[in-house]
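Below: one structure, written as structure tokens.
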Amino acid sequence: MDPEKTLLLVDGSSYLYRAFHALPELKSPKGEPTGAIYGVLNMLRKLATDYKSGAPKGVGKGEGTGGRYSPRHDEHPNELPSLR
């Protein structure tokens, strides 16, 4: 693959939701949850290593979604306020 012609699209909400449910509860010294961010950064690092891209892009929850991630996920955990 030519890195200059490769476009990587990352569903940021999906990565965050996946990392939140896959990792144990990690917290900062102040008690703030950090596990999901840690997981997302590791997934992005792996993606960047595996696929060289001249134009990586990210997508997240758009306007008009009503705060829902997908039809299968009606509500988000309270521990993920950025997804509510």
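A note on labels: chains of the structure tokens are A, B, ... as shown, every chain counts residues from 1, and ligands are counted from 1 in their shown order.
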
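Using only C-alpha atoms, the contacts of stretch 32-44 of chain A at a cut-off of 10 Å, with sequence neighbours closer than 5 positions omitted, comprise Val10, Gly12, Ser13, Ser14, Tyr15, Leu16, Tyr17, Arg18, Ala19, Phe20, His21, Ala22, Leu23, Pro24, Glu25, Leu26, Lys27, Thr49, Asp50, Glu79 and Leu80 of chain A.
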
At what distance in Å, to one decimal, does atom CA of A:Ser28 lie from atom CA of A:Lys46? 23.1 Å
